[in-house]
$ cat model08.cif   # mmCIF, C-alpha atoms
data_query
#
loop_
_atom_site.label_atom_id
_atom_site.label_comp_id
_atom_site.auth_asym_id
_atom_site.auth_seq_id
_atom_site.Cartn_x
_atom_site.Cartn_y
_atom_site.Cartn_z
CA MET Y 1 -105.30 -56.99 -145.79
CA THR Y 2 -108.83 -55.70 -146.20
CA GLU Y 3 -109.69 -52.12 -146.85
CA ASN Y 4 -111.52 -50.16 -144.20
CA LEU Y 5 -115.27 -50.01 -144.48
CA ARG Y 6 -116.52 -46.93 -146.29
CA VAL Y 7 -119.63 -45.36 -144.84
CA THR Y 8 -121.64 -42.67 -146.60
CA LEU Y 9 -124.82 -40.93 -145.67
CA ASP Y 10 -127.93 -39.55 -147.30
CA ARG Y 11 -130.13 -37.46 -145.00
CA ARG Y 12 -133.72 -37.17 -146.12
CA ASP Y 13 -136.59 -35.21 -144.62
CA ASP Y 14 -137.73 -37.91 -142.26
CA LEU Y 15 -134.96 -40.50 -142.16
CA ALA Y 16 -131.29 -41.05 -142.85
CA VAL Y 17 -129.89 -43.74 -145.12
CA ILE Y 18 -126.45 -45.07 -144.20
CA TYR Y 19 -124.55 -46.87 -146.99
CA THR Y 20 -121.71 -49.28 -146.36
CA GLU Y 21 -119.00 -50.47 -148.72
CA GLY Y 22 -116.79 -53.34 -147.55
CA TYR Y 23 -116.33 -55.76 -144.68
CA ILE Y 24 -118.26 -55.10 -141.48
CA ASN Y 25 -115.82 -56.31 -138.82
CA ASN Y 26 -115.10 -54.59 -135.50
CA GLN Y 27 -113.63 -51.47 -137.10
CA GLY Y 28 -116.39 -51.38 -139.69
CA GLY Y 29 -119.07 -51.77 -137.04
CA GLU Y 30 -117.54 -48.98 -135.00
CA GLU Y 31 -117.51 -46.69 -138.03
CA ILE Y 32 -121.21 -47.37 -138.64
CA ALA Y 33 -121.91 -46.75 -134.94
CA ARG Y 34 -120.02 -43.45 -135.03
CA VAL Y 35 -122.16 -42.23 -137.94
CA ALA Y 36 -125.38 -43.56 -136.35
CA TYR Y 37 -124.68 -41.97 -132.95
CA ASP Y 38 -123.88 -38.64 -134.61
CA LEU Y 39 -127.26 -38.81 -136.34
CA ILE Y 40 -129.05 -39.77 -133.13
CA GLY Y 41 -127.31 -36.92 -131.33
CA ASP Y 42 -128.60 -34.66 -134.06
CA GLY Y 43 -132.17 -35.77 -133.37
CA GLU Y 44 -132.55 -38.43 -136.05
CA LYS Y 45 -134.77 -41.31 -134.93
CA THR Y 46 -135.19 -43.31 -138.15
CA LEU Y 47 -132.20 -44.98 -139.76
CA LEU Y 48 -132.05 -47.25 -142.79
CA LEU Y 49 -128.81 -49.16 -143.18
CA ASN Y 50 -128.22 -50.05 -146.84
CA LEU Y 51 -125.72 -52.92 -147.01
CA LYS Y 52 -125.68 -53.27 -150.80
CA GLY Y 53 -121.92 -52.72 -150.84
CA THR Y 54 -121.22 -55.25 -148.10
CA LYS Y 55 -120.76 -58.88 -149.02
CA ILE Y 56 -119.35 -60.15 -145.75
CA VAL Y 57 -119.84 -59.35 -142.08
CA ASN Y 58 -118.63 -60.96 -138.89
CA SER Y 59 -120.29 -61.42 -135.54
CA ILE Y 60 -118.16 -58.75 -133.87
CA GLY Y 61 -119.39 -56.22 -136.41
CA ILE Y 62 -122.97 -57.42 -135.97
CA SER Y 63 -122.66 -57.13 -132.18
CA ILE Y 64 -121.97 -53.42 -132.71
CA LEU Y 65 -125.09 -53.21 -134.87
CA ILE Y 66 -126.98 -54.72 -131.89
CA GLU Y 67 -125.65 -51.84 -129.77
CA ILE Y 68 -127.15 -49.42 -132.29
CA ILE Y 69 -130.48 -51.31 -132.16
CA GLU Y 70 -130.39 -51.04 -128.36
CA LYS Y 71 -129.78 -47.31 -128.62
CA MET Y 72 -132.64 -46.89 -131.07
CA LEU Y 73 -134.99 -48.76 -128.73
CA GLU Y 74 -133.95 -46.43 -125.89
CA ILE Y 75 -134.94 -43.34 -127.87
CA ASP Y 76 -138.05 -44.98 -129.32
CA GLY Y 77 -136.47 -44.81 -132.75
CA ARG Y 78 -136.24 -47.31 -135.57
CA LEU Y 79 -133.38 -49.00 -137.37
CA ALA Y 80 -133.93 -51.11 -140.47
CA PHE Y 81 -131.75 -52.79 -143.07
CA CYS Y 82 -132.03 -53.14 -146.82
CA CYS Y 83 -130.22 -54.77 -149.75
CA LEU Y 84 -128.71 -57.62 -147.75
CA THR Y 85 -127.07 -60.64 -149.35
CA PRO Y 86 -129.07 -63.82 -148.69
CA THR Y 87 -126.35 -65.03 -146.29
CA ILE Y 88 -126.27 -61.82 -144.28
CA GLU Y 89 -130.07 -61.88 -144.10
CA LYS Y 90 -130.00 -65.52 -142.99
CA THR Y 91 -127.42 -64.66 -140.34
CA PHE Y 92 -129.57 -61.83 -139.00
CA HIS Y 93 -132.47 -64.29 -138.77
CA ILE Y 94 -130.30 -66.84 -136.95
CA MET Y 95 -129.34 -64.15 -134.42
CA GLY Y 96 -132.87 -62.84 -134.04
CA LEU Y 97 -132.08 -59.30 -135.19
CA THR Y 98 -135.18 -59.34 -137.35
CA GLN Y 99 -137.32 -59.20 -134.20
CA TYR Y 100 -136.06 -55.67 -133.61
CA ALA Y 101 -135.00 -54.43 -137.03
CA THR Y 102 -136.98 -54.83 -140.24
CA ILE Y 103 -135.24 -56.06 -143.36
CA PHE Y 104 -136.40 -54.51 -146.62
CA PRO Y 105 -135.51 -56.02 -149.99
CA ASP Y 106 -134.49 -52.67 -151.44
CA GLU Y 107 -133.99 -49.05 -150.44
CA GLU Y 108 -137.09 -47.77 -152.19
CA THR Y 109 -139.33 -50.08 -150.18
CA GLY Y 110 -137.54 -49.21 -146.94
CA VAL Y 111 -137.75 -45.46 -147.51
CA GLY Y 112 -141.39 -45.78 -148.53
CA GLU Y 113 -142.37 -47.72 -145.42
CA MET Y 114 -140.22 -45.90 -142.89
CA GLY Y 115 -140.28 -42.40 -144.21
CA GLY Y 116 -143.85 -42.21 -145.35
CA MET S 1 -121.28 -96.06 -144.21
CA ASP S 2 -119.41 -93.14 -145.70
CA ASN S 3 -117.24 -94.27 -148.65
CA SER S 4 -116.12 -90.76 -149.48
CA SER S 5 -112.62 -90.17 -150.74
CA ILE S 6 -110.64 -86.98 -150.49
CA LEU S 7 -110.85 -85.44 -153.93
CA ARG S 8 -108.98 -82.28 -153.07
CA GLU S 9 -107.27 -81.08 -149.93
CA VAL S 10 -105.76 -77.77 -148.87
CA THR S 11 -104.12 -76.92 -145.57
CA LEU S 12 -103.40 -73.48 -144.20
CA THR S 13 -101.60 -72.27 -141.12
CA LEU S 14 -102.57 -68.72 -140.35
CA PRO S 15 -101.22 -66.30 -137.77
CA MET S 16 -103.89 -64.97 -135.44
CA VAL S 17 -103.84 -61.41 -136.69
CA SER S 18 -106.57 -59.09 -137.81
CA ASP S 19 -108.35 -59.96 -141.05
CA MET S 20 -106.55 -63.30 -141.55
CA GLU S 21 -110.00 -64.86 -141.39
CA ILE S 22 -110.58 -63.40 -144.85
CA ALA S 23 -107.67 -65.42 -146.24
CA ALA S 24 -109.26 -68.57 -144.84
CA SER S 25 -112.67 -67.65 -146.20
CA THR S 26 -111.21 -66.98 -149.66
CA THR S 27 -109.69 -70.47 -149.73
CA ALA S 28 -113.00 -71.98 -148.62
CA ALA S 29 -114.81 -70.08 -151.37
CA ALA S 30 -112.36 -71.30 -154.02
CA LEU S 31 -112.96 -74.93 -153.05
CA ALA S 32 -116.71 -74.46 -152.82
CA GLU S 33 -116.64 -72.96 -156.33
CA PHE S 34 -114.62 -75.95 -157.53
CA MET S 35 -117.42 -78.13 -156.14
CA GLN S 36 -119.96 -76.00 -158.02
CA MET S 37 -121.86 -75.05 -154.91
CA THR S 38 -124.49 -72.37 -155.37
CA PRO S 39 -123.38 -68.78 -154.68
CA ASP S 40 -125.51 -68.68 -151.53
CA LYS S 41 -123.91 -71.86 -150.17
CA ILE S 42 -120.46 -70.50 -150.97
CA ASP S 43 -121.26 -67.35 -149.01
CA GLU S 44 -122.53 -69.42 -146.09
CA VAL S 45 -119.32 -71.43 -146.01
CA ARG S 46 -117.26 -68.22 -146.15
CA MET S 47 -119.14 -66.71 -143.26
CA ALA S 48 -118.88 -69.87 -141.13
CA VAL S 49 -115.12 -69.99 -141.74
CA VAL S 50 -114.79 -66.35 -140.74
CA GLU S 51 -116.64 -67.05 -137.49
CA ALA S 52 -114.62 -70.17 -136.67
CA CYS S 53 -111.36 -68.30 -137.23
CA ILE S 54 -112.47 -65.34 -135.14
CA ASN S 55 -113.46 -67.68 -132.31
CA ALA S 56 -109.96 -69.16 -132.38
CA PHE S 57 -108.31 -65.74 -132.61
CA GLU S 58 -110.33 -64.27 -129.77
CA HIS S 59 -110.82 -67.10 -127.33
CA SER S 60 -108.26 -69.86 -127.82
CA GLY S 61 -105.48 -68.39 -125.70
CA ALA S 62 -103.05 -70.29 -127.96
CA GLU S 63 -99.45 -69.43 -127.18
CA ASP S 64 -98.31 -70.03 -130.75
CA ARG S 65 -100.97 -67.57 -132.00
CA LYS S 66 -101.71 -69.77 -134.98
CA VAL S 67 -104.76 -71.49 -136.38
CA TYR S 68 -104.47 -74.68 -138.43
CA ILE S 69 -107.05 -75.21 -141.13
CA ARG S 70 -107.73 -78.18 -143.39
CA PHE S 71 -110.18 -77.99 -146.26
CA ALA S 72 -111.19 -81.31 -147.80
CA VAL S 73 -113.47 -81.89 -150.75
CA LEU S 74 -115.05 -85.29 -150.21
CA GLY S 75 -117.04 -87.55 -152.50
CA GLU S 76 -117.12 -90.93 -154.18
CA ALA S 77 -116.58 -89.76 -157.76
CA GLU S 78 -117.98 -86.25 -157.82
CA PRO S 79 -117.51 -83.64 -155.06
CA GLU S 80 -120.27 -84.09 -152.50
CA ARG S 81 -119.19 -82.44 -149.28
CA LEU S 82 -116.77 -79.75 -148.16
CA GLU S 83 -115.29 -80.53 -144.76
CA ILE S 84 -113.38 -77.80 -142.96
CA THR S 85 -111.34 -78.47 -139.84
CA ILE S 86 -110.17 -75.50 -137.79
CA ARG S 87 -107.80 -76.29 -134.95
CA ASP S 88 -105.98 -74.24 -132.38
CA LYS S 89 -103.53 -75.21 -129.66
CA GLY S 90 -105.20 -73.09 -127.02
CA THR S 91 -106.54 -73.77 -123.57
CA GLY S 92 -109.90 -75.15 -124.67
CA PHE S 93 -113.33 -74.47 -123.24
CA SER S 94 -116.23 -76.30 -121.69
CA GLN S 95 -119.16 -76.53 -124.05
CA ASP S 96 -121.46 -77.03 -121.05
CA ALA S 97 -120.47 -73.60 -119.76
CA LEU S 98 -121.51 -71.88 -122.98
CA GLU S 99 -124.81 -70.12 -122.86
CA GLU S 100 -126.93 -70.10 -126.01
CA PRO S 101 -127.09 -66.42 -126.98
CA SER S 102 -130.42 -64.75 -127.59
CA ILE S 103 -131.14 -61.30 -128.91
CA GLU S 104 -133.38 -60.49 -125.94
CA GLN S 105 -130.58 -61.27 -123.49
CA LYS S 106 -127.89 -59.56 -125.57
CA LEU S 107 -129.87 -56.34 -125.89
CA LYS S 108 -129.80 -56.03 -122.08
CA ALA S 109 -126.26 -57.31 -121.61
CA GLU S 110 -123.15 -55.16 -121.55
CA SER S 111 -121.41 -57.53 -123.99
CA LYS S 112 -123.30 -58.14 -127.19
CA ARG S 113 -120.83 -60.77 -128.37
CA GLY S 114 -120.75 -64.58 -128.23
CA TRP S 115 -122.61 -65.48 -131.43
CA GLY S 116 -119.95 -67.39 -133.36
CA LEU S 117 -121.00 -70.98 -132.72
CA LYS S 118 -124.69 -70.21 -133.17
CA ILE S 119 -123.95 -68.67 -136.56
CA ILE S 120 -121.71 -71.56 -137.62
CA ARG S 121 -124.35 -74.12 -136.63
CA GLY S 122 -127.00 -72.15 -138.49
CA LEU S 123 -125.00 -71.91 -141.72
CA MET S 124 -123.33 -75.32 -141.99
CA ASP S 125 -124.92 -78.76 -142.36
CA GLU S 126 -122.84 -80.49 -139.70
CA VAL S 127 -120.67 -79.12 -136.91
CA ALA S 128 -118.63 -81.04 -134.35
CA ILE S 129 -116.49 -79.48 -131.64
CA ASP S 130 -113.80 -81.16 -129.63
CA SER S 131 -112.23 -79.00 -126.97
CA ALA S 132 -109.74 -79.92 -124.27
CA SER S 133 -106.80 -78.37 -122.47
CA GLU S 134 -104.59 -79.05 -125.53
CA GLY S 135 -106.78 -77.01 -127.83
CA THR S 136 -110.00 -76.90 -129.78
CA THR S 137 -110.95 -78.51 -133.06
CA VAL S 138 -114.04 -77.51 -134.99
CA VAL S 139 -115.06 -79.78 -137.86
CA MET S 140 -117.82 -78.42 -140.03
CA SER S 141 -119.17 -79.55 -143.34
CA LYS S 142 -121.50 -78.47 -146.08
CA LEU S 143 -123.11 -80.67 -148.70
CA ARG S 144 -122.95 -79.53 -152.30
#
$ encode --input "model08.cif" --output "structure tokens"
Amino acid sequence: MTENLRVTLDRRDDLAVIYTEGYINNQGGEEIARVAYDLIGDGEKTLLLNLKGTKIVNSIGISILIEIIEKMLEIDGRLAFCCLTPTIEKTFHIMGLTQYATIFPDEETGVGEMGG
Amino acid sequence: MDNSSILREVTLTLPMVSDMEIAASTTAAALAEFMQMTPDKIDEVRMAVVEACINAFEHSGAEDRKVYIRFAVLGEAEPERLEITIRDKGTGFSQDALEEPSIEQKLKAESKRGWGLKIIRGLMDEVAIDSASEGTTVVMSKLR
């Protein structure tokens, strides 16, 4: 039915940007988690998740993002999001994710505030 | 008193298999576009439909493994409200037994799931749930 989520990565000096393309359901969430945990295992503590290529998510996928937030809190790291659709941003507010993960309007702002 | 008529109606019966929620959300989006809802409202309807379908898929315990969906565009002359009814023939659940999820509690919990109804209520204008041992019906609506 739907294509698998595509996840790509851009490692910078002081943070990593993870890009998604497609539907974040359970498989999509697990793919993001796999990439995030690899980065954490490699010592990365600052992650910016750019969801520009994602127009729809579901709560199972978001629950996996909460697992990543939990992991980042454990290592005293930071996860943030950027380029969300208004509905995904509203959903994150409804769920309270914004208490633990900042939402930036665009990647440039996120990189500037997190990486600087 | 609501004098709304049904201006357009679509029914779907979907098997409870992975990603079928997208088929339901696509139908919802088509009707919301017909009503000339804003893009943000259309997205909110899509997301709520996805969540309602997933709840049925994951929790209904329906032996027929099907979800029955009715989309109705309601209004007196012009489309005013999109009403979506999602029904399963599962075992039902007690709404009193449901705990309101919170991020603080979920961060500590082993299971991070259980957000569907909270999301639906947050995105739609009205939500009513009727659940009994014969199944569960969720009726949700969004004003244009």
$ residues_near_point --input "model08.cif" --point "(-120.1, -42.2, -146.2)" --cutoff "12 Å" --atoms "only C-alpha atoms" --output "VMD selection string"
chain Y and resid 4 to 11 16 to 22 28 31 to 32 34 to 36 49 to 50 53
$ atom_distance --input "model08.cif" --atom1 "CA of Gly96 (chain Y)" --atom2 "CA of Thr27 (chain S)"
29.0 Å
$ resolve_selection --input "model08.cif" --expression "the PyMOL selection byres ((chain S) within 9 of (chain Y))" --output "count of residues only"
31
$ atom_distance --input "model08.cif" --atom1 "CA of Thr109 (chain Y)" --atom2 "CA of Gly29 (chain Y)"
24.2 Å
$ axis_aligned_box --input "model08.cif" --around "region 5-19 of chain Y" --padding-each-side "6 Å" --output "AutoDock Vina command-line options"
--center_x -126.5 --center_y -42.6 --center_z -144.7 --size_x 34.5 --size_y 26.8 --size_z 17.1
$ atom_distance --input "model08.cif" --atom1 "CA of Glu74 (chain Y)" --atom2 "CA of Ala33 (chain Y)"
15.1 Å
$ resolve_selection --input "model08.cif" --expression "the PyMOL selection byres ((chain S and resi 61) around 12)" --output "PyMOL selection string"
chain S and resi 16+55-60+62-67+88-93+133-136
$ residues_around --input "model08.cif" --residues "Ala28 (chain S)" --least-positions-apart "5" --cutoff "12 Å" --atoms "all atoms listed in the file" --output "PyMOL selection string"
chain S and resi 8-12+21-23+33-35+37+41-50+69-73+82-86+140-142
$ write_last_selection --input "model08.cif" --atoms "C-alpha atoms" --output "compact mmCIF listing (two decimals), keeping the file's coordinate frame"
# COMPACT_ATOMS: atom_id res chain seq x y z
CA ARG S 8 -108.98 -82.28 -153.07
CA GLU S 9 -107.27 -81.08 -149.93
CA VAL S 10 -105.76 -77.77 -148.87
CA THR S 11 -104.12 -76.92 -145.57
CA LEU S 12 -103.40 -73.48 -144.20
CA GLU S 21 -110.00 -64.86 -141.39
CA ILE S 22 -110.58 -63.40 -144.85
CA ALA S 23 -107.67 -65.42 -146.24
CA GLU S 33 -116.64 -72.96 -156.33
CA PHE S 34 -114.62 -75.95 -157.53
CA MET S 35 -117.42 -78.13 -156.14
CA MET S 37 -121.86 -75.05 -154.91
CA LYS S 41 -123.91 -71.86 -150.17
CA ILE S 42 -120.46 -70.50 -150.97
CA ASP S 43 -121.26 -67.35 -149.01
CA GLU S 44 -122.53 -69.42 -146.09
CA VAL S 45 -119.32 -71.43 -146.01
CA ARG S 46 -117.26 -68.22 -146.15
CA MET S 47 -119.14 -66.71 -143.26
CA ALA S 48 -118.88 -69.87 -141.13
CA VAL S 49 -115.12 -69.99 -141.74
CA VAL S 50 -114.79 -66.35 -140.74
CA ILE S 69 -107.05 -75.21 -141.13
CA ARG S 70 -107.73 -78.18 -143.39
CA PHE S 71 -110.18 -77.99 -146.26
CA ALA S 72 -111.19 -81.31 -147.80
CA VAL S 73 -113.47 -81.89 -150.75
CA LEU S 82 -116.77 -79.75 -148.16
CA GLU S 83 -115.29 -80.53 -144.76
CA ILE S 84 -113.38 -77.80 -142.96
CA THR S 85 -111.34 -78.47 -139.84
CA ILE S 86 -110.17 -75.50 -137.79
CA MET S 140 -117.82 -78.42 -140.03
CA SER S 141 -119.17 -79.55 -143.34
CA LYS S 142 -121.50 -78.47 -146.08
$ closest_residue --input "model08.cif" --among "Y:Ile103, Y:Ile24, Y:Met114, Y:Cys82" --to "Thr46 (chain Y)" --atoms "all atoms listed in the file"
Y:Met114
$ closest_residue --input "model08.cif" --among "Y:Tyr37, Y:Leu51, Y:Gln27, Y:Thr102" --to "Cys83 (chain Y)" --atoms "only C-alpha atoms"
Y:Leu51
$ residues_around --input "model08.cif" --residues "Asp13 (chain Y)" --least-positions-apart "5" --cutoff "12 Å" --atoms "all atoms listed in the file" --output "PyMOL selection string"
chain Y and resi 44-47+111+114-116
